[in-house]
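Chemist: This is final-v2.pdb (PDB, C-alpha atoms, pLDDT in the B column).
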ATOM      1  CA  MET A   1      13.821  -4.454  -8.276  1.00 50.00           C
ATOM      2  CA  GLN A   2      11.216  -4.038 -10.985  1.00 53.00           C
ATOM      3  CA  LEU A   3       8.427  -6.562 -11.323  1.00 52.00           C
ATOM      4  CA  ARG A   4       6.275  -7.104 -14.380  1.00 53.00           C
ATOM      5  CA  SER A   5       2.991  -8.926 -14.041  1.00 50.00           C
ATOM      6  CA  THR A   6      -0.177  -9.247 -16.024  1.00 46.00           C
ATOM      7  CA  SER A   7      -3.472  -8.130 -14.557  1.00 44.00           C
ATOM      8  CA  MET A   8      -6.923  -8.217 -16.099  1.00 44.00           C
ATOM      9  CA  ARG A   9      -6.090  -4.757 -17.436  1.00 46.00           C
ATOM     10  CA  GLY A  10      -2.747  -5.538 -19.094  1.00 68.00           C
ATOM     11  CA  GLU A  11       0.903  -5.578 -18.128  1.00 87.00           C
ATOM     12  CA  ILE A  12       1.683  -3.880 -14.822  1.00 91.00           C
ATOM     13  CA  VAL A  13       5.164  -2.735 -13.857  1.00 94.00           C
ATOM     14  CA  VAL A  14       6.063  -2.244 -10.191  1.00 96.00           C
ATOM     15  CA  ARG A  15       8.966   0.149  -9.754  1.00 96.00           C
ATOM     16  CA  ARG A  16      10.557   2.166  -6.980  1.00 97.00           C
ATOM     17  CA  ALA A  17       8.788   5.466  -6.328  1.00 97.00           C
ATOM     18  CA  VAL A  18      10.707   8.667  -6.944  1.00 95.00           C
ATOM     19  CA  ALA A  19      10.226  12.249  -5.794  1.00 94.00           C
ATOM     20  CA  ARG A  20       8.251  13.199  -8.923  1.00 94.00           C
ATOM     21  CA  ASP A  21       5.595  10.598  -7.929  1.00 95.00           C
ATOM     22  CA  VAL A  22       4.658  12.198  -4.595  1.00 96.00           C
ATOM     23  CA  LYS A  23       1.833  14.417  -5.885  1.00 95.00           C
ATOM     24  CA  ARG A  24       0.241  11.415  -7.601  1.00 94.00           C
ATOM     25  CA  LEU A  25       0.571   9.329  -4.444  1.00 96.00           C
ATOM     26  CA  THR A  26      -0.946  12.069  -2.301  1.00 95.00           C
ATOM     27  CA  ARG A  27      -3.886  12.421  -4.724  1.00 93.00           C
ATOM     28  CA  LEU A  28      -4.396   8.665  -4.670  1.00 93.00           C
ATOM     29  CA  VAL A  29      -4.580   8.635  -0.861  1.00 92.00           C
ATOM     30  CA  GLN A  30      -6.772  11.715  -0.506  1.00 91.00           C
ATOM     31  CA  GLY A  31      -9.083  10.695  -3.366  1.00 87.00           C
ATOM     32  CA  SER A  32      -9.705   7.134  -2.200  1.00 88.00           C
ATOM     33  CA  ARG A  33     -13.410   6.334  -1.910  1.00 87.00           C
ATOM     34  CA  ALA A  34     -12.517   3.927   0.894  1.00 85.00           C
ATOM     35  CA  TYR A  35     -11.798   6.984   3.041  1.00 84.00           C
ATOM     36  CA  GLY A  36     -15.094   8.747   2.491  1.00 82.00           C
ATOM     37  CA  GLY A  37     -17.730   9.461   5.118  1.00 81.00           C
ATOM     38  CA  GLN A  38     -16.676   8.641   8.652  1.00 80.00           C
ATOM     39  CA  TYR A  39     -13.117   7.827   7.506  1.00 81.00           C
ATOM     40  CA  ALA A  40     -12.465  11.132   5.682  1.00 79.00           C
ATOM     41  CA  ALA A  41     -10.697  12.798   8.631  1.00 79.00           C
ATOM     42  CA  MET A  42      -7.907  10.231   8.545  1.00 81.00           C
ATOM     43  CA  VAL A  43      -6.633  11.308   5.111  1.00 84.00           C
ATOM     44  CA  ALA A  44      -7.924  14.892   4.905  1.00 83.00           C
ATOM     45  CA  GLY A  45      -4.515  16.501   5.321  1.00 84.00           C
ATOM     46  CA  TYR A  46      -2.390  13.482   4.467  1.00 89.00           C
ATOM     47  CA  ARG A  47       0.598  14.109   2.233  1.00 94.00           C
ATOM     48  CA  VAL A  48       3.175  11.709   0.810  1.00 96.00           C
ATOM     49  CA  GLY A  49       6.341  13.783   0.595  1.00 96.00           C
ATOM     50  CA  PRO A  50       9.735  13.267  -1.002  1.00 96.00           C
ATOM     51  CA  ASP A  51      11.218  12.678   2.456  1.00 96.00           C
ATOM     52  CA  TYR A  52       8.805   9.781   3.023  1.00 96.00           C
ATOM     53  CA  VAL A  53       9.661   8.226  -0.358  1.00 96.00           C
ATOM     54  CA  GLU A  54      13.359   8.555   0.420  1.00 95.00           C
ATOM     55  CA  ALA A  55      13.106   7.109   3.953  1.00 94.00           C
ATOM     56  CA  HIS A  56      10.996   4.034   3.134  1.00 96.00           C
ATOM     57  CA  ARG A  57      10.651   1.390   0.464  1.00 97.00           C
ATOM     58  CA  VAL A  58       7.861   2.916  -1.593  1.00 98.00           C
ATOM     59  CA  PHE A  59       6.894   1.222  -4.853  1.00 98.00           C
ATOM     60  CA  VAL A  60       4.349   2.163  -7.501  1.00 98.00           C
ATOM     61  CA  ALA A  61       2.370   0.073  -9.977  1.00 97.00           C
ATOM     62  CA  VAL A  62       2.101   1.568 -13.448  1.00 95.00           C
ATOM     63  CA  ASP A  63       0.476   0.369 -16.645  1.00 89.00           C
ATOM     64  CA  ALA A  64       3.340  -0.654 -18.953  1.00 87.00           C
ATOM     65  CA  GLY A  65       1.289   0.438 -21.974  1.00 86.00           C
ATOM     66  CA  ASP A  66       0.609   3.950 -20.680  1.00 84.00           C
ATOM     67  CA  SER A  67       3.258   6.352 -21.981  1.00 82.00           C
ATOM     68  CA  ALA A  68       2.312   8.891 -19.281  1.00 82.00           C
ATOM     69  CA  GLY A  69       3.229   6.391 -16.571  1.00 79.00           C
ATOM     70  CA  ARG A  70      -0.034   6.819 -14.658  1.00 86.00           C
ATOM     71  CA  VAL A  71       0.273   5.442 -11.134  1.00 92.00           C
ATOM     72  CA  LEU A  72      -2.383   2.766 -10.555  1.00 96.00           C
ATOM     73  CA  GLY A  73      -1.389   1.978  -6.982  1.00 96.00           C
ATOM     74  CA  PHE A  74       1.451   1.981  -4.496  1.00 97.00           C
ATOM     75  CA  TYR A  75       2.690   0.573  -1.228  1.00 98.00           C
ATOM     76  CA  SER A  76       5.191   1.503   1.438  1.00 98.00           C
ATOM     77  CA  LEU A  77       7.219  -1.015   3.408  1.00 98.00           C
ATOM     78  CA  VAL A  78       8.785   0.230   6.641  1.00 97.00           C
ATOM     79  CA  LEU A  79      11.635  -2.007   7.762  1.00 96.00           C
ATOM     80  CA  VAL A  80      11.936  -1.033  11.454  1.00 96.00           C
ATOM     81  CA  PRO A  81       9.613  -2.166  12.837  1.00 97.00           C
ATOM     82  CA  PRO A  82       8.462  -4.228   9.820  1.00 98.00           C
ATOM     83  CA  GLU A  83       5.145  -2.827   8.639  1.00 98.00           C
ATOM     84  CA  LEU A  84       3.166  -2.375   5.457  1.00 98.00           C
ATOM     85  CA  ASP A  85       2.455   1.281   6.151  1.00 95.00           C
ATOM     86  CA  LEU A  86       0.455   2.234   3.064  1.00 96.00           C
ATOM     87  CA  LEU A  87      -1.190   0.344   0.233  1.00 97.00           C
ATOM     88  CA  PHE A  88      -3.559   2.101  -2.147  1.00 95.00           C
ATOM     89  CA  VAL A  89      -4.987   1.152  -5.528  1.00 95.00           C
ATOM     90  CA  GLU A  90      -6.748   3.713  -7.699  1.00 94.00           C
ATOM     91  CA  ASP A  91     -10.518   3.380  -7.272  1.00 91.00           C
ATOM     92  CA  GLY A  92     -11.256   2.722 -10.948  1.00 88.00           C
ATOM     93  CA  THR A  93      -8.696  -0.077 -11.198  1.00 89.00           C
ATOM     94  CA  GLN A  94      -9.536  -2.103  -8.083  1.00 90.00           C
ATOM     95  CA  GLY A  95     -10.414  -5.742  -8.641  1.00 89.00           C
ATOM     96  CA  ARG A  96      -7.919  -6.145 -11.490  1.00 91.00           C
ATOM     97  CA  GLY A  97      -5.027  -7.771  -9.615  1.00 93.00           C
ATOM     98  CA  ILE A  98      -2.998  -4.627  -8.962  1.00 95.00           C
ATOM     99  CA  GLY A  99      -3.262  -4.853  -5.162  1.00 96.00           C
ATOM    100  CA  ARG A 100      -2.339  -8.530  -5.281  1.00 96.00           C
ATOM    101  CA  SER A 101       0.726  -7.676  -7.433  1.00 95.00           C
ATOM    102  CA  LEU A 102       1.759  -4.986  -4.967  1.00 97.00           C
ATOM    103  CA  VAL A 103       1.459  -7.391  -2.014  1.00 98.00           C
ATOM    104  CA  GLU A 104       3.517 -10.040  -3.824  1.00 97.00           C
ATOM    105  CA  HIS A 105       6.168  -7.427  -4.567  1.00 97.00           C
ATOM    106  CA  MET A 106       6.117  -6.290  -0.923  1.00 98.00           C
ATOM    107  CA  LYS A 107       6.669  -9.876   0.236  1.00 98.00           C
ATOM    108  CA  SER A 108       9.618 -10.190  -2.118  1.00 97.00           C
ATOM    109  CA  GLU A 109      11.119  -6.942  -0.806  1.00 97.00           C
ATOM    110  CA  ALA A 110      10.567  -8.067   2.790  1.00 98.00           C
ATOM    111  CA  ARG A 111      12.230 -11.404   2.084  1.00 98.00           C
ATOM    112  CA  ALA A 112      15.209  -9.650   0.458  1.00 97.00           C
ATOM    113  CA  ALA A 113      15.509  -7.425   3.546  1.00 97.00           C
ATOM    114  CA  GLY A 114      15.643 -10.499   5.806  1.00 97.00           C
ATOM    115  CA  LEU A 115      12.235  -9.958   7.406  1.00 98.00           C
ATOM    116  CA  ASP A 116      10.220 -12.952   8.618  1.00 97.00           C
ATOM    117  CA  ARG A 117       6.930 -11.084   9.111  1.00 98.00           C
ATOM    118  CA  VAL A 118       5.315  -7.781   8.192  1.00 98.00           C
ATOM    119  CA  ARG A 119       2.600  -6.130  10.283  1.00 98.00           C
ATOM    120  CA  VAL A 120      -0.444  -4.428   8.777  1.00 98.00           C
ATOM    121  CA  VAL A 121      -2.846  -2.170  10.641  1.00 97.00           C
ATOM    122  CA  SER A 122      -5.744  -2.291   8.241  1.00 95.00           C
ATOM    123  CA  HIS A 123      -8.365   0.230   7.312  1.00 91.00           C
ATOM    124  CA  PRO A 124     -11.500  -1.699   8.424  1.00 91.00           C
ATOM    125  CA  PRO A 125     -12.990  -2.035   4.897  1.00 90.00           C
ATOM    126  CA  ALA A 126      -9.651  -3.428   3.596  1.00 93.00           C
ATOM    127  CA  GLU A 127      -9.388  -6.314   6.056  1.00 96.00           C
ATOM    128  CA  GLY A 128     -11.020  -8.778   3.651  1.00 96.00           C
ATOM    129  CA  PHE A 129      -8.517  -7.894   0.940  1.00 96.00           C
ATOM    130  CA  TYR A 130      -5.543  -8.436   3.241  1.00 98.00           C
ATOM    131  CA  ARG A 131      -6.904 -11.791   4.369  1.00 98.00           C
ATOM    132  CA  SER A 132      -7.465 -12.806   0.738  1.00 97.00           C
ATOM    133  CA  VAL A 133      -3.774 -12.223  -0.027  1.00 98.00           C
ATOM    134  CA  GLY A 134      -2.511 -14.193   2.961  1.00 98.00           C
ATOM    135  CA  ALA A 135      -2.419 -11.842   5.945  1.00 98.00           C
ATOM    136  CA  LEU A 136      -3.329 -13.464   9.249  1.00 98.00           C
ATOM    137  CA  PRO A 137      -5.293 -11.644  11.963  1.00 98.00           C
ATOM    138  CA  THR A 138      -3.317 -10.910  15.124  1.00 98.00           C
ATOM    139  CA  GLY A 139      -5.534  -8.498  17.047  1.00 97.00           C
ATOM    140  CA  THR A 140      -7.074  -5.048  17.080  1.00 97.00           C
ATOM    141  CA  VAL A 141      -5.482  -1.620  17.359  1.00 96.00           C
ATOM    142  CA  SER A 142      -7.607   0.697  19.490  1.00 95.00           C
ATOM    143  CA  ALA A 143      -8.963   3.983  18.218  1.00 91.00           C
ATOM    144  CA  ASN A 144      -6.733   7.038  18.548  1.00 86.00           C
ATOM    145  CA  PRO A 145      -9.053  10.080  18.304  1.00 85.00           C
ATOM    146  CA  PRO A 146      -9.360  12.563  16.774  1.00 78.00           C
ATOM    147  CA  ALA A 147      -7.663  11.334  13.558  1.00 73.00           C
ATOM    148  CA  VAL A 148      -8.605   7.661  13.944  1.00 84.00           C
ATOM    149  CA  ALA A 149     -11.910   7.321  15.751  1.00 84.00           C
ATOM    150  CA  TRP A 150     -12.392   3.583  15.207  1.00 88.00           C
ATOM    151  CA  ASP A 151     -10.648   0.346  16.122  1.00 94.00           C
ATOM    152  CA  ARG A 152      -8.620  -1.214  13.314  1.00 95.00           C
ATOM    153  CA  PRO A 153      -7.795  -4.842  12.562  1.00 97.00           C
ATOM    154  CA  GLU A 154      -4.170  -5.823  12.976  1.00 98.00           C
ATOM    155  CA  LEU A 155      -2.787  -8.541  10.715  1.00 98.00           C
ATOM    156  CA  GLU A 156       0.582  -9.883   9.627  1.00 98.00           C
ATOM    157  CA  PHE A 157       2.148 -11.471   6.614  1.00 98.00           C
ATOM    158  CA  LEU A 158       4.476 -14.342   7.365  1.00 98.00           C
ATOM    159  CA  ILE A 159       7.418 -14.063   4.992  1.00 97.00           C
ATOM    160  CA  GLN A 160       8.664 -17.460   3.809  1.00 88.00           C
TER     161      GLN A 160
END
The structure in this file should be written as structure tokens.
Modeler:
Amino acid sequence: MQLRSTSMRGEIVVRRAVARDVKRLTRLVQGSRAYGGQYAAMVAGYRVGPDYVEAHRVFVAVDAGDSAGRVLGFYSLVLVPPELDLLFVEDGTQGRGIGRSLVEHMKSEARAAGLDRVRVVSHPPAEGFYRSVGALPTGTVSANPPAVAWDRPELEFLIQ
């Protein structure tokens, strides 16, 4: 399924990720300002590989007007157990509706897969975003040192 939407930047296309996207996705994760400072260890060696893209429902948002197909953001939906595993939007494009478009697409994919809810274990600074797009708090996931040295909010999307 491909979704077209309009953000404050222009027309955004959400399409299925393919193996040639993995380097871009890895750079997006590792370069995220949200994972600076105390959070840097969590993504320091993180890699999105072709096997991950093949095993899960990974979708990318691209600017329809960009002939290079620059990836502006992406998400990964794991079906069993239902979880929004990754959602990243390029730092310079945040606040333009791309994350909201990705979440709406994820909900549509979850609905099509027959899911009634999708769990999210949020990066602490992203909790406000998830709440703003309809996720409901369900608890806290305890720290798991050394990679994750802080508690994280747990939320869920109810899929209608």
Chemist: Taking all listed atoms of range 112-127 of chain A, build the axis-aligned box, pad each of the six sides by 3 Å, then write its centre and edge lengths in Å to one decimal as JSON.
Modeler:
{"center_x": 1.3, "center_y": -6.4, "center_z": 5.5, "size_x": 34.6, "size_y": 19.2, "size_z": 16.2}
Chemist: State, in Å with one decimal place, the distance from CA of Val62 in chain A to CA of Gly95 in chain A.
Modeler: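 Atom-to-atom, CA of Val62 in chain A to CA of Gly95 in chain A, that is 15.3 Å.
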Chemist: Can you list every residue of range 29-59 of chain A that has an atom at most 10 Å from range 119-133 of chain A, with its nearest atom pair and the distance in Å to one decimal, using all atoms listed in the file, ordered by chain then number, as a Markdown table?
Modeler:
| residue | atom | partner | partner_atom | distance |
| --- | --- | --- | --- | --- |
| A:Ala34 | CA | A:Pro125 | CA | 7.2 |
| A:Tyr35 | CA | A:His123 | CA | 8.7 |
| A:Tyr39 | CA | A:His123 | CA | 9.0 |
Chemist: Which residues are close to Leu72 in chain A, i.e. within 10 Å by only C-alpha atoms, leaving aside same-chain residues fewer than 4 positions away? Reply as JSON, numbers by chain.
Modeler: {"A": [12, 13, 14, 24, 25, 28, 60, 61, 62, 63, 88, 89, 90, 91, 92, 93, 94, 98, 99]}
Chemist: Please write the residues from the selection above to a file, keeping C-alpha atoms, as an mmCIF file, keeping the file's coordinate frame.
Modeler:
data_model
loop_
_atom_site.group_PDB
_atom_site.id
_atom_site.type_symbol
_atom_site.label_atom_id
_atom_site.label_comp_id
_atom_site.auth_asym_id
_atom_site.auth_seq_id
_atom_site.Cartn_x
_atom_site.Cartn_y
_atom_site.Cartn_z
ATOM 1 C CA ILE A 12 1.683 -3.880 -14.822
ATOM 2 C CA VAL A 13 5.164 -2.735 -13.857
ATOM 3 C CA VAL A 14 6.063 -2.244 -10.191
ATOM 4 C CA ARG A 24 0.241 11.415 -7.601
ATOM 5 C CA LEU A 25 0.571 9.329 -4.444
ATOM 6 C CA LEU A 28 -4.396 8.665 -4.670
ATOM 7 C CA VAL A 60 4.349 2.163 -7.501
ATOM 8 C CA ALA A 61 2.370 0.073 -9.977
ATOM 9 C CA VAL A 62 2.101 1.568 -13.448
ATOM 10 C CA ASP A 63 0.476 0.369 -16.645
ATOM 11 C CA PHE A 88 -3.559 2.101 -2.147
ATOM 12 C CA VAL A 89 -4.987 1.152 -5.528
ATOM 13 C CA GLU A 90 -6.748 3.713 -7.699
ATOM 14 C CA ASP A 91 -10.518 3.380 -7.272
ATOM 15 C CA GLY A 92 -11.256 2.722 -10.948
ATOM 16 C CA THR A 93 -8.696 -0.077 -11.198
ATOM 17 C CA GLN A 94 -9.536 -2.103 -8.083
ATOM 18 C CA ILE A 98 -2.998 -4.627 -8.962
ATOM 19 C CA GLY A 99 -3.262 -4.853 -5.162
#
Chemist: Env of Gly45 in chain A: 12 Å cut, atoms = only C-alpha atoms, seq-sep filter 6 positions within chain, self excluded. Answer as a list in words.
Modeler: Thr26, Arg27, Val29, Gln30, Gly31 and Ala147 of chain A
Chemist: Quick one: pull the distance between CA of Asp21 in chain A and CA of Ala44 in chain A, Å, one decimal.
Modeler: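 Computed distance, CA of Asp21 in chain A to CA of Ala44 in chain A, equals 19.1 Å.
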Chemist: Here's a test: counting only C-alpha atoms, identify every protein, DNA and RNA residue with an atom at most 10 Å from (16.3, 8.5, -2.3) in the file's coordinate frame, and state them as a PyMOL selection string.
Modeler: chain A and resi 16-19+50-57
Chemist: Enter the distance from CA of Gly97 in chain A to CA of Ser32 in chain A, in Å, rounded to one decimal.
Modeler: 17.3 Å
Chemist: Mind listing whatever residues come within 12 Å of the point (0.9, -12.6, 3.2)? Use only C-alpha atoms, file coordinates, and give them as a VMD selection string.
Modeler: chain A and resid 83 to 84 100 to 108 110 to 111 116 to 120 129 to 137 155 to 160
Chemist: Point out the residue among A:Glu11, A:Pro146, A:Arg152, A:Ala113 with the least atom-to-atom distance to Ala64 in chain A, counting all atoms listed in the file.
Modeler: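 When distances to Ala64 in chain A are compared using all atoms listed in the file, the smallest one comes from A:Glu11.
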Chemist: Pick from A:Phe74, A:Trp150, A:Ala68, A:Phe59: nearest to Gln38 in chain A, with only C-alpha atoms counted?
Modeler: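 Closest to Gln38 in chain A, using only C-alpha atoms: A:Trp150.
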Chemist: Of the residues A:Pro153, A:Gly139, A:Pro81, A:Gly49, which is the one nearest to Leu115 in chain A, using only C-alpha atoms?
Modeler: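 Between A:Pro153, A:Gly139, A:Pro81, A:Gly49, the residue approaching Leu115 in chain A most closely is A:Pro81.
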Chemist: Compare A:Val78, A:Arg15, A:Gly36, A:Met42 by their minimum atom-to-atom distance to Val148 in chain A, counting all atoms listed in the file, and give me the closest one.
Modeler: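 Closest to Val148 in chain A of all the choices is A:Met42.
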Chemist: Given the choices A:Arg20, A:Ala40, A:Pro82, A:Asp151, which gets closest to Arg70 in chain A if the distance is worked out from only C-alpha atoms?
Modeler: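 Of A:Arg20, A:Ala40, A:Pro82, A:Asp151, the one nearest Arg70 in chain A, counting only C-alpha atoms, is A:Arg20.
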Chemist: Between A:Gly69, A:Gly114, A:Val58, A:Gly37, which one has atoms that come closest to Leu87 in chain A, using all atoms listed in the file?
Modeler: A:Val58
